[in-house]
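Student: Here you go, my_file.txt (compact mmCIF, C-alpha atoms):
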```
# COMPACT_ATOMS: atom_id res chain seq x y z
CA MET V 9 10.46 22.82 6.68
CA ALA V 10 12.45 22.58 3.45
CA GLN V 11 9.33 21.92 1.37
CA PRO V 12 8.86 25.37 -0.29
CA ARG V 13 12.54 25.46 -1.23
CA ILE V 14 12.39 21.97 -2.74
CA LEU V 15 9.36 22.95 -4.77
CA GLU V 16 11.14 26.07 -6.00
CA VAL V 17 14.22 24.16 -7.16
CA ARG V 18 12.01 21.57 -8.84
CA LYS V 19 10.13 24.37 -10.60
CA ASN V 20 13.45 25.80 -11.84
CA ILE V 21 14.54 22.43 -13.23
CA LEU V 22 11.24 21.98 -15.04
CA GLU V 23 11.25 25.56 -16.37
CA LYS V 24 14.75 25.12 -17.76
CA ASN V 25 13.69 21.84 -19.37
CA ASP V 26 10.56 23.43 -20.83
CA ARG V 27 12.64 26.20 -22.45
CA LEU V 28 14.95 23.67 -24.08
CA ALA V 29 11.99 21.52 -25.14
CA HIS V 30 10.40 24.61 -26.70
CA ASP V 31 13.57 25.19 -28.76
CA LEU V 32 13.63 21.56 -29.87
CA ARG V 33 9.95 21.71 -30.84
CA GLN V 34 10.58 24.81 -32.95
CA ALA V 35 13.51 23.12 -34.72
CA PHE V 36 11.43 19.98 -35.40
CA ALA V 37 8.56 22.15 -36.74
CA HIS V 38 10.89 24.16 -38.98
CA HIS V 39 12.21 21.02 -40.63
CA GLY V 40 8.95 19.04 -40.67
CA VAL V 41 10.40 16.33 -38.41
CA LEU V 42 7.84 14.29 -36.47
CA ALA V 43 9.34 13.61 -33.03
CA VAL V 44 7.84 10.75 -31.01
CA ASN V 45 8.68 10.10 -27.34
CA PHE V 46 8.13 6.44 -26.33
CA VAL V 47 7.54 5.80 -22.63
CA SER V 48 6.85 2.60 -20.68
CA GLY V 49 8.00 0.50 -17.74
CA PRO V 50 11.12 -1.68 -18.15
CA GLY V 51 10.69 -4.62 -20.50
CA SER V 52 7.50 -3.53 -22.28
CA GLY V 53 9.18 -3.90 -25.65
CA LYS V 54 10.00 -0.30 -26.61
CA THR V 55 13.24 -1.20 -28.39
CA GLU V 56 11.63 -3.95 -30.49
CA LEU V 57 8.76 -1.58 -31.35
CA LEU V 58 11.20 1.12 -32.46
CA ARG V 59 13.32 -1.34 -34.42
CA ARG V 60 10.36 -2.58 -36.46
CA THR V 61 8.92 0.94 -36.82
CA LEU V 62 12.26 2.23 -38.15
CA ILE V 63 12.43 -0.62 -40.69
CA GLU V 64 8.85 -0.19 -41.90
CA LEU V 65 8.82 3.62 -42.09
CA GLY V 66 12.37 3.60 -43.46
CA ARG V 67 11.25 1.93 -46.70
CA SER V 68 9.92 5.27 -47.93
CA GLN V 69 10.95 7.90 -45.39
CA ARG V 70 14.02 9.09 -43.46
CA CYS V 71 14.12 8.08 -39.81
CA ALA V 72 16.54 8.27 -36.90
CA ALA V 73 16.40 7.28 -33.24
CA VAL V 74 17.89 8.12 -29.87
CA THR V 75 17.51 5.77 -26.93
CA GLY V 76 18.01 6.36 -23.21
CA ASP V 77 19.31 3.90 -20.64
CA LEU V 78 21.12 4.15 -17.32
CA ALA V 79 23.84 1.85 -18.68
CA THR V 80 24.87 -0.17 -21.78
CA ALA V 81 24.63 0.83 -25.45
CA ASN V 82 22.72 -2.38 -26.29
CA ASP V 83 19.59 -0.58 -27.47
CA ALA V 84 21.33 1.77 -29.91
CA ALA V 85 23.12 -1.25 -31.38
CA ARG V 86 19.79 -3.08 -31.78
CA LEU V 87 18.14 -0.03 -33.36
CA ALA V 88 21.06 0.51 -35.74
CA GLN V 89 20.30 -2.95 -37.18
CA SER V 90 17.35 -1.25 -38.86
CA GLY V 91 19.76 0.75 -41.00
CA ALA V 92 18.62 4.06 -39.49
CA PRO V 93 21.00 6.31 -37.55
CA ALA V 94 20.68 5.51 -33.84
CA ARG V 95 22.42 7.02 -30.87
CA GLN V 96 22.57 5.94 -27.21
CA ILE V 97 22.01 8.41 -24.38
CA LEU V 98 23.48 7.16 -21.09
CA THR V 99 21.68 8.69 -18.12
CA GLY V 100 23.86 7.23 -15.34
CA THR V 101 21.54 7.26 -12.33
CA MET V 102 18.82 9.43 -13.93
CA CYS V 103 15.39 7.85 -14.22
CA HIS V 104 14.19 9.77 -17.30
CA LEU V 105 15.36 11.69 -20.37
CA GLU V 106 15.53 15.48 -20.33
CA ALA V 107 15.39 17.87 -23.29
CA ALA V 108 19.07 18.81 -22.85
CA MET V 109 20.12 15.15 -23.32
CA VAL V 110 18.13 14.86 -26.54
CA ALA V 111 19.47 18.19 -27.83
CA ALA V 112 23.06 17.08 -27.16
CA ALA V 113 22.52 13.67 -28.79
CA ILE V 114 21.18 15.12 -32.06
CA ALA V 115 23.33 18.29 -32.13
CA ASP V 116 25.33 17.23 -35.21
CA TRP V 117 22.44 15.65 -37.13
CA ASP V 118 20.94 17.54 -40.07
CA LEU V 119 17.23 17.76 -39.19
CA ALA V 120 16.45 18.90 -42.76
CA GLY V 121 17.31 15.34 -43.83
CA LEU V 122 14.85 13.68 -41.45
CA ASP V 123 11.13 12.88 -41.48
CA TYR V 124 10.91 11.07 -38.12
CA LEU V 125 12.88 11.17 -34.89
CA LEU V 126 11.97 8.33 -32.54
CA ILE V 127 13.01 8.87 -28.91
CA GLU V 128 13.09 5.87 -26.56
CA ASN V 129 12.84 7.05 -22.96
CA VAL V 130 14.25 5.27 -19.90
CA GLY V 131 11.99 2.39 -18.81
CA ASN V 132 9.98 4.05 -16.05
CA LEU V 133 6.21 4.37 -15.76
CA VAL V 134 6.31 7.47 -13.52
CA CYS V 135 9.13 9.99 -13.87
CA PRO V 136 9.31 10.68 -17.65
CA GLY V 137 5.86 12.28 -17.37
CA ASP V 138 7.20 15.61 -16.12
CA PHE V 139 9.84 16.11 -18.80
CA ASP V 140 8.84 17.53 -22.17
CA LEU V 141 11.35 16.55 -24.88
CA GLY V 142 9.87 18.78 -27.57
CA GLU V 143 8.03 15.79 -29.03
CA ASP V 144 4.91 15.97 -31.21
CA LEU V 145 3.59 12.71 -29.83
CA ARG V 146 4.07 10.93 -26.55
CA VAL V 147 3.30 7.23 -27.01
CA LEU V 148 2.89 4.99 -23.97
CA LEU V 149 3.46 1.23 -24.19
CA LEU V 150 1.90 -1.34 -21.91
CA SER V 151 2.48 -5.02 -22.49
CA THR V 152 0.10 -7.90 -21.92
CA THR V 153 2.61 -9.46 -19.49
CA GLU V 154 2.35 -6.60 -16.98
CA GLY V 155 -1.25 -7.17 -15.84
CA GLU V 156 -4.48 -5.35 -16.68
CA ASP V 157 -4.39 -3.00 -13.68
CA LYS V 158 -1.36 -0.88 -14.61
CA PRO V 159 -3.31 2.06 -16.16
CA LEU V 160 -5.23 2.49 -12.90
CA LYS V 161 -2.12 2.22 -10.71
CA TYR V 162 0.11 4.53 -12.80
CA PRO V 163 -2.35 7.14 -14.08
CA THR V 164 -0.08 10.21 -14.13
CA LEU V 165 2.14 9.24 -17.10
CA ILE V 166 -0.74 7.75 -19.12
CA ASN V 167 -2.63 11.00 -18.68
CA THR V 168 0.10 12.78 -20.64
CA ALA V 169 0.11 10.26 -23.54
CA ASP V 170 -1.26 11.06 -27.02
CA ALA V 171 -1.58 7.38 -27.94
CA VAL V 172 -1.26 4.03 -26.15
CA ILE V 173 0.14 0.78 -27.52
CA ILE V 174 -0.77 -2.60 -26.05
CA ASN V 175 2.32 -4.65 -26.94
CA LYS V 176 3.14 -8.39 -26.74
CA LEU V 177 -0.29 -9.30 -28.08
CA ASP V 178 1.24 -12.65 -29.13
CA LEU V 179 1.74 -13.51 -25.43
CA ALA V 180 -1.75 -12.47 -24.23
CA ALA V 181 -3.14 -16.00 -24.17
CA ALA V 182 -0.05 -17.53 -22.52
CA VAL V 183 -0.08 -14.97 -19.69
CA LYS V 184 -3.92 -15.00 -19.45
CA CYS V 185 -4.20 -11.25 -20.07
CA ASP V 186 -7.74 -9.94 -20.57
CA VAL V 187 -6.89 -7.42 -23.33
CA ASP V 188 -10.42 -5.96 -23.38
CA LEU V 189 -10.16 -5.22 -19.66
CA LEU V 190 -6.70 -3.68 -20.13
CA GLU V 191 -8.08 -1.48 -22.92
CA ALA V 192 -11.09 -0.48 -20.79
CA ASN V 193 -8.73 0.52 -17.96
CA ILE V 194 -6.69 2.65 -20.39
CA ARG V 195 -9.89 4.37 -21.63
CA GLN V 196 -10.97 5.03 -18.04
CA VAL V 197 -7.74 6.95 -17.31
CA ARG V 198 -7.14 8.47 -20.74
CA PRO V 199 -10.42 8.66 -22.66
CA GLY V 200 -10.17 9.42 -26.37
CA ALA V 201 -6.55 8.47 -26.99
CA PRO V 202 -6.02 6.07 -29.90
CA ILE V 203 -5.09 2.57 -28.71
CA PHE V 204 -3.16 0.09 -30.86
CA ARG V 205 -3.04 -3.63 -30.10
CA LEU V 206 0.03 -5.17 -31.68
CA SER V 207 3.03 -7.42 -31.36
CA ALA V 208 6.32 -5.69 -32.10
CA LYS V 209 7.94 -9.12 -32.24
CA THR V 210 5.65 -10.73 -34.85
CA GLY V 211 4.43 -7.56 -36.58
CA ALA V 212 0.76 -8.44 -35.98
CA GLY V 213 -1.41 -5.32 -35.81
CA PHE V 214 1.38 -3.08 -37.05
CA ALA V 215 -0.37 -1.53 -40.09
CA PRO V 216 -2.80 0.75 -38.17
CA TRP V 217 0.07 2.00 -35.99
CA LEU V 218 2.20 2.89 -39.03
CA ASP V 219 -0.79 4.54 -40.75
CA TYR V 220 -1.33 6.68 -37.66
CA LEU V 221 2.29 7.88 -37.64
CA ARG V 222 2.20 8.61 -41.39
CA GLN V 223 -1.02 10.60 -41.08
CA VAL V 224 0.32 12.74 -38.22
CA SER V 225 3.58 13.24 -40.13
CA GLN V 226 1.76 14.30 -43.31
CA ARG V 227 -0.34 16.81 -41.39
CA LYS V 228 2.82 18.21 -39.83
CA GLN V 229 4.77 18.43 -43.07
CA ALA V 230 1.83 20.18 -44.75
CA GLY V 231 2.11 22.87 -42.08
CA ALA V 232 5.90 23.19 -42.13
CA PRO V 233 7.65 26.01 -44.02
CA ALA V 234 8.90 24.93 -47.47
CA MET X 5 24.21 27.21 -12.89
CA ALA X 6 21.70 25.88 -10.36
CA GLN X 7 23.47 22.52 -10.09
CA PRO X 8 25.19 22.95 -6.67
CA ARG X 9 21.95 24.19 -5.12
CA ILE X 10 19.99 21.27 -6.55
CA LEU X 11 22.55 18.85 -5.17
CA GLU X 12 22.33 20.47 -1.77
CA VAL X 13 18.54 20.23 -1.58
CA ARG X 14 18.69 16.60 -2.78
CA LYS X 15 21.26 15.90 -0.05
CA ASN X 16 18.93 17.42 2.55
CA ILE X 17 16.01 15.25 1.41
CA LEU X 18 18.13 12.11 1.59
CA GLU X 19 19.60 13.04 4.98
CA LYS X 20 16.13 13.60 6.42
CA ASN X 21 15.01 10.24 5.00
CA ASP X 22 18.09 8.51 6.39
CA ARG X 23 17.37 9.87 9.89
CA LEU X 24 13.80 8.56 9.76
CA ALA X 25 14.98 5.22 8.32
CA HIS X 26 17.48 4.94 11.17
CA ASP X 27 14.65 5.41 13.71
CA LEU X 28 12.53 2.78 11.96
CA ARG X 29 15.46 0.34 11.87
CA GLN X 30 15.99 0.80 15.62
CA ALA X 31 12.30 0.15 16.32
CA PHE X 32 12.33 -2.99 14.13
CA ALA X 33 15.49 -4.22 15.89
CA HIS X 34 14.04 -3.57 19.34
CA HIS X 35 10.99 -5.70 18.59
CA GLY X 36 12.73 -8.36 16.50
CA VAL X 37 10.69 -7.50 13.40
CA LEU X 38 12.26 -8.48 10.08
CA ALA X 39 11.46 -5.70 7.60
CA VAL X 40 11.74 -6.52 3.90
CA ASN X 41 11.55 -3.89 1.13
CA PHE X 42 10.43 -5.34 -2.23
CA VAL X 43 11.46 -3.39 -5.33
CA SER X 44 10.89 -4.06 -9.06
CA GLY X 45 9.54 -2.52 -12.25
CA PRO X 46 5.76 -2.39 -12.77
CA GLY X 47 4.12 -5.76 -13.32
CA SER X 48 6.92 -8.01 -12.08
CA GLY X 49 4.56 -9.71 -9.65
CA LYS X 50 5.46 -8.11 -6.31
CA THR X 51 1.89 -8.20 -4.98
CA GLU X 52 1.39 -11.88 -5.82
CA LEU X 53 4.77 -12.69 -4.25
CA LEU X 54 3.82 -10.84 -1.06
CA ARG X 55 0.36 -12.42 -0.95
CA ARG X 56 1.78 -15.95 -1.10
CA THR X 57 4.64 -15.11 1.27
CA LEU X 58 2.17 -13.69 3.83
CA ILE X 59 0.03 -16.85 3.62
CA GLU X 60 2.97 -19.27 3.93
CA LEU X 61 4.85 -17.42 6.69
CA GLY X 62 1.56 -16.63 8.43
CA ARG X 63 0.94 -20.31 9.20
CA SER X 64 3.41 -20.09 12.07
CA GLN X 65 4.43 -16.44 12.42
CA ARG X 66 2.94 -12.95 12.64
CA CYS X 67 3.16 -10.90 9.45
CA ALA X 68 1.90 -7.56 8.14
CA ALA X 69 2.36 -5.62 4.93
CA VAL X 70 2.29 -2.09 3.56
CA THR X 71 2.11 -1.45 -0.17
CA GLY X 72 2.84 1.69 -2.17
CA ASP X 73 1.13 2.85 -5.36
CA LEU X 74 0.48 6.19 -7.01
CA ALA X 75 -3.25 5.40 -7.07
CA THR X 76 -5.82 2.72 -6.11
CA ALA X 77 -5.98 0.57 -2.98
CA ASN X 78 -6.16 -2.63 -5.07
CA ASP X 79 -2.92 -4.07 -3.73
CA ALA X 80 -3.76 -3.68 -0.04
CA ALA X 81 -7.09 -5.39 -0.75
CA ARG X 82 -5.30 -8.28 -2.48
CA LEU X 83 -2.77 -8.61 0.33
CA ALA X 84 -5.48 -8.53 2.99
CA GLN X 85 -6.91 -11.71 1.39
CA SER X 86 -3.97 -13.46 3.05
CA GLY X 87 -5.49 -12.71 6.45
CA ALA X 88 -2.54 -10.51 7.46
CA PRO X 89 -2.97 -6.80 8.25
CA ALA X 90 -2.25 -4.83 5.08
CA ARG X 91 -2.27 -1.10 4.52
CA GLN X 92 -2.11 0.95 1.30
CA ILE X 93 0.24 3.93 0.96
CA LEU X 94 -0.87 6.30 -1.82
CA THR X 95 2.08 8.26 -3.18
CA GLY X 96 0.17 10.53 -5.59
CA THR X 97 2.80 11.47 -8.16
CA MET X 98 5.79 10.14 -6.19
CA CYS X 99 7.82 7.40 -7.85
CA HIS X 100 9.09 5.67 -4.70
CA LEU X 101 8.36 5.12 -1.01
CA GLU X 102 10.11 7.19 1.67
CA ALA X 103 10.73 6.32 5.30
CA ALA X 104 8.21 8.94 6.49
CA MET X 105 5.43 7.24 4.49
CA VAL X 106 6.20 3.85 6.04
CA ALA X 107 6.44 5.35 9.54
CA ALA X 108 3.03 7.02 9.13
CA ALA X 109 1.43 3.85 7.74
CA ILE X 110 2.50 1.67 10.68
CA ALA X 111 2.27 4.33 13.42
CA ASP X 112 -0.64 2.63 15.24
CA TRP X 113 0.57 -0.95 14.78
CA ASP X 114 2.09 -2.77 17.76
CA LEU X 115 5.49 -3.89 16.48
CA ALA X 116 5.90 -6.17 19.51
CA GLY X 117 3.17 -8.33 17.98
CA LEU X 118 4.94 -8.77 14.64
CA ASP X 119 7.67 -11.06 13.26
CA TYR X 120 7.71 -9.77 9.65
CA LEU X 121 6.85 -6.48 7.98
CA LEU X 122 6.74 -6.78 4.18
CA ILE X 123 6.97 -3.47 2.33
CA GLU X 124 5.95 -3.34 -1.35
CA ASN X 125 7.57 -0.35 -3.03
CA VAL X 126 6.20 1.56 -6.03
CA GLY X 127 6.91 -0.30 -9.29
CA ASN X 128 10.05 1.48 -10.48
CA LEU X 129 13.42 -0.03 -11.32
CA VAL X 130 15.38 3.19 -10.66
CA CYS X 131 14.20 5.66 -8.02
CA PRO X 132 13.53 3.47 -4.93
CA GLY X 133 17.27 2.78 -4.78
CA ASP X 134 18.09 6.05 -3.03
CA PHE X 135 15.53 5.75 -0.24
CA ASP X 136 16.30 3.64 2.81
CA LEU X 137 13.09 2.51 4.55
CA GLY X 138 14.83 1.07 7.60
CA GLU X 139 14.56 -2.42 6.10
CA ASP X 140 16.74 -5.40 7.00
CA LEU X 141 16.55 -6.80 3.49
CA ARG X 142 16.02 -5.20 0.12
CA VAL X 143 14.73 -7.82 -2.31
CA LEU X 144 14.63 -7.07 -6.03
CA LEU X 145 12.24 -8.89 -8.37
CA LEU X 146 12.79 -9.41 -12.06
CA SER X 147 10.34 -11.43 -14.10
CA THR X 148 11.03 -13.70 -17.04
CA THR X 149 8.70 -11.59 -19.21
CA GLU X 150 10.91 -8.48 -18.99
CA GLY X 151 13.91 -9.75 -20.98
CA GLU X 152 17.31 -11.02 -19.89
CA ASP X 153 19.11 -7.67 -20.27
CA LYS X 154 17.41 -5.72 -17.48
CA PRO X 155 20.14 -6.25 -14.82
CA LEU X 156 22.70 -4.71 -17.18
CA LYS X 157 20.47 -1.77 -18.15
CA TYR X 158 19.28 -0.92 -14.61
CA PRO X 159 22.34 -1.68 -12.48
CA THR X 160 21.95 1.00 -9.79
CA LEU X 161 18.95 -0.46 -7.94
CA ILE X 162 20.15 -4.07 -8.26
CA ASN X 163 23.44 -3.02 -6.72
CA THR X 164 21.59 -2.10 -3.52
CA ALA X 165 19.69 -5.42 -3.29
CA ASP X 166 20.42 -8.11 -0.68
CA ALA X 167 18.66 -10.81 -2.69
CA VAL X 168 17.14 -11.15 -6.16
CA ILE X 169 14.04 -13.09 -7.18
CA ILE X 170 13.45 -14.27 -10.74
CA ASN X 171 9.65 -14.42 -10.86
CA LYS X 172 7.15 -15.80 -13.40
CA LEU X 173 9.25 -18.92 -13.90
CA ASP X 174 6.06 -20.62 -15.17
CA LEU X 175 6.07 -18.25 -18.17
CA ALA X 176 9.76 -18.60 -19.06
CA ALA X 177 9.19 -21.09 -21.89
CA ALA X 178 6.22 -19.20 -23.36
CA VAL X 179 8.17 -15.92 -23.52
CA LYS X 180 11.41 -17.67 -24.57
CA CYS X 181 13.38 -16.30 -21.61
CA ASP X 182 16.87 -17.74 -21.17
CA VAL X 183 16.80 -17.92 -17.36
CA ASP X 184 20.46 -18.96 -17.11
CA LEU X 185 21.47 -15.85 -19.06
CA LEU X 186 19.23 -13.67 -16.88
CA GLU X 187 20.85 -15.15 -13.76
CA ALA X 188 24.35 -14.66 -15.21
CA ASN X 189 23.51 -10.99 -15.89
CA ILE X 190 22.31 -10.57 -12.29
CA ARG X 191 25.55 -12.12 -10.98
CA GLN X 192 27.59 -9.83 -13.21
CA VAL X 193 26.02 -6.71 -11.64
CA ARG X 194 25.48 -8.01 -8.09
CA PRO X 195 27.90 -10.88 -7.42
CA GLY X 196 27.23 -12.95 -4.30
CA ALA X 197 23.59 -12.06 -3.71
CA PRO X 198 21.29 -15.07 -3.28
CA ILE X 199 19.04 -15.60 -6.31
CA PHE X 200 15.68 -17.40 -6.13
CA ARG X 201 13.92 -18.76 -9.21
CA LEU X 202 10.22 -19.12 -8.51
CA SER X 203 6.66 -18.56 -9.60
CA ALA X 204 4.60 -16.55 -7.15
CA LYS X 205 1.50 -17.62 -9.06
CA THR X 206 2.03 -21.42 -8.93
CA GLY X 207 4.23 -21.57 -5.83
CA ALA X 208 7.01 -23.44 -7.68
CA GLY X 209 10.41 -22.78 -6.14
CA PHE X 210 8.90 -21.10 -3.08
CA ALA X 211 10.44 -23.27 -0.33
CA PRO X 212 14.05 -21.98 -0.61
CA TRP X 213 12.77 -18.38 -0.57
CA LEU X 214 10.73 -18.96 2.61
CA ASP X 215 13.67 -20.80 4.23
CA TYR X 216 15.89 -17.82 3.48
CA LEU X 217 13.46 -15.38 5.14
CA ARG X 218 13.04 -17.64 8.19
CA GLN X 219 16.80 -18.01 8.64
CA VAL X 220 17.38 -14.25 8.47
CA SER X 221 14.47 -13.69 10.86
CA GLN X 222 15.80 -16.25 13.37
CA ARG X 223 19.25 -14.67 13.33
CA LYS X 224 17.65 -11.28 13.95
CA GLN X 225 15.37 -12.44 16.77
CA ALA X 226 18.31 -14.18 18.45
CA GLY X 227 20.01 -10.77 18.59
CA ALA X 228 16.96 -8.78 19.71
CA PRO X 229 16.46 -7.79 23.36
CA ALA X 230 14.04 -10.13 25.21
```
Let me see the file written as C-alpha cells.
Tutor:
Amino acid sequence: MAQPRILEVRKNILEKNDRLAHDLRQAFAHHGVLAVNFVSGPGSGKTELLRRTLIELGRSQRCAAVTGDLATANDAARLAQSGAPARQILTGTMCHLEAAMVAAAIADWDLAGLDYLLIENVGNLVCPGDFDLGEDLRVLLLSTTEGEDKPLKYPTLINTADAVIINKLDLAAAVKCDVDLLEANIRQVRPGAPIFRLSAKTGAGFAPWLDYLRQVSQRKQAGAPA
Amino acid sequence: MAQPRILEVRKNILEKNDRLAHDLRQAFAHHGVLAVNFVSGPGSGKTELLRRTLIELGRSQRCAAVTGDLATANDAARLAQSGAPARQILTGTMCHLEAAMVAAAIADWDLAGLDYLLIENVGNLVCPGDFDLGEDLRVLLLSTTEGEDKPLKYPTLINTADAVIINKLDLAAAVKCDVDLLEANIRQVRPGAPIFRLSAKTGAGFAPWLDYLRQVSQRKQAGAPA
C-alpha cells in the first residue's frame, strides 16, 4: 500500500517545481519578457515552428529559445540558424521539462534584453502538462499527420493549453486529414482557446499566429514596470 | 534534498511492476501465448497496424488485443472490427501502461484459447520504456511523417525494442521522408533489431512482418508445455 507515500512525493516534486516556476514568472514579468511553452507529441513540427517564429518576430524584436530533448543538440543548432540565441536542454531519460532546467539554461542571459523567450518542450502529449515553466502562454501543436482523434484521446495536456496550432496544413490533403473535424475535436476538449491553422514549413497561415503573439506581448509590456 | 527518497519510491513502483510482469510472462509461457507490446508516439498508426495484424493472423490463429488510452474507447471499437476480442484500458492521466492494468484487463480471458495477445500502449515515445508488461516482444513504431531524426532524439525507448516498424510508407514521398536515413538512424541506436517498412493502411510490406510474428510464435509454442 505505497500509494499515499507515492502521492506525497509527487506532491513535493510538483510543489518544488511550482515555486521555481513562480520565480521565473516574476522575473519574466519584471523584464516584460513573453515566455511561451510549446508542447506536442514527437514530430509535430515544434522546431520548425519555433525557427520560423524566431525569424519573423526577430525582424523587429529580441527573441531567444531553449529546447528540450532526451538526446542530441540538433534542435538548438536548427534554432540558432534563425540568428537568435538558442540553447539545448538535455533531459536524459526525463519525459518533460521542469522549471529548474529552464532556470539553469537561461541563468546567464540578460532578460532585460529580451522580448520573447520560446521554450520547446520534450515531444510528449501527456507528461509536460503537470510542469509549470513560468510561461505566459502554453501553446499545443497538433499536426494533420497525427489523425483527427488526438484531442479526444489526450485531453489532459490540451486542457492546460492557452492556444492550439494545427500544423502541417500543407500535408492535410495528402494524408486525408479532415481539418474541420480536428478543429471541432479541439473545441470539444478546450472550448474558447484560439486555434491557428498553419504550415511552419511553407509559412502559410503564419500571419494570424504572429499577430496573436505580438498582441499578447504588447499587453504584457504595457503592464511591466518601466 | 528529496532526491534519494524519490528514487526509492520510484524503485518500489518498478519492482512491484516487475513482479506482476513476471507473473504475466509465466502465464503467457504456460499457455503458449505470444504477447506483443506496441509502443510509439501519438499518431504513428499503432491502432491501424493492430487492426490489420489481427485480421491477417486471425485467419488461422486465435488473437486478442488490449489497448491503452487516457480517454475514449475508440481504439477498442476499431480493433473489435477485426472480429478479435478487444478491450480498452483507460489510464486517466497516466502516460503508459503498467502490468497491473494488463492483468486486470485480461483477468477473465481464457489464455489457453489464445495464440497472440497484442497490447497497444499509450502513445508516448518515452515513458512506456520503464514498464515491463510481461511481453515476449516489444515492437516500436515510427512513421514517415514524424521526421528522420526521432531515433536519435528518443533513444531510450528504442533501445528496449525487439523490433522496429517504419509505418506510413505510403506517405513517405508526400512528406519527403528519407526512409534510408530513418532506417540508418534506427540502426545507429538499436543495431541488430529487425526493421519492417510497411503501410498499415494499404497493407504494403505486411508479409515479412506477419512471417516474423508467426516464426516467433512457433518457436514459443514449441517450447510451451503441452
Student: Select, as a PyMOL selection string, those residues of chain V with any atom no more than 9 Å from chain X (distances computed using only C-alpha atoms).
Tutor: chain V and resi 10+13-14+17-18+20-21+49-53+77-82+100-103+131-135+153-155+157-158+160-164+179+182-183
Student: Show which residues sit within 8 Å of Phe46 in chain V, as a list in words. Count all atoms listed in the file, and ignore same-chain residues fewer than 3 positions away.
Tutor: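 What passes the distance filter is Lys54, Leu126, Ile127, Glu128, Asn129, Arg146, Val147, Leu148 and Leu149 of chain V.
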Student: Which one is closest to Gly200 in chain V: V:Gln223, V:Gln229, V:Gln34, V:Asn167? Count only C-alpha atoms.
Tutor: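 Ranked by minimum distance to Gly200 in chain V, first place goes to V:Asn167.
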Student: Choose the residue, out of X:Glu19, X:Glu12, X:Asp119, X:Asp136, that has the smallest atom-to-atom separation from Ala103 in chain X; count all atoms listed in the file.
Tutor: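 Closest to Ala103 in chain X of all the choices is X:Asp136.
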Student: Taking all atoms listed in the file into account, name the residue in X:Ala104, X:Ala109, X:Val220, X:Val193 that is nearest to Leu18 in chain X.
Tutor: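 So, comparing all the options, the nearest one is X:Ala104.
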Student: List as a list in words the residues having at least one atom at most 12 Å from position (14.8, 1.8, 13.8) as given in the file, counting all atoms listed in the file.
Tutor: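 Returned residue set, sorted by chain then number, is Asp22, Arg23, Leu24, Ala25, His26, Asp27, Leu28, Arg29, Gln30, Ala31, Phe32, Ala33, His34, His35, Gly36, Val37, Leu38, Ala39, Ala103, Val106, Ala107, Leu115, Asp136, Leu137, Gly138, Glu139 and Asp140 of chain X.
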Student: Show me as a list in words the residues that reach within 8 Å of (4.7, 6.4, -42.7), counting only C-alpha atoms and using the file's own coordinates.
Tutor: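 Those residues, ordered by chain and then number, are Glu64, Leu65, Ser68, Gln69, Leu218, Asp219, Tyr220, Leu221, Arg222, Gln223 and Ser225 of chain V.
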Student: Pick out the residues sitting within 7 Å of Ala201 in chain V, and hand them over as a PDB file with C-alpha atoms, keeping the file's coordinate frame; count all atoms listed in the file, and ignore anything fewer than 6 positions along from it in its own chain.
Tutor:
```
ATOM      1  CA  ASP V 170      -1.260  11.060 -27.020  1.00  0.00           C
ATOM      2  CA  ALA V 171      -1.580   7.380 -27.940  1.00  0.00           C
ATOM      3  CA  VAL V 172      -1.260   4.030 -26.150  1.00  0.00           C
TER       4      VAL V 172
END
```
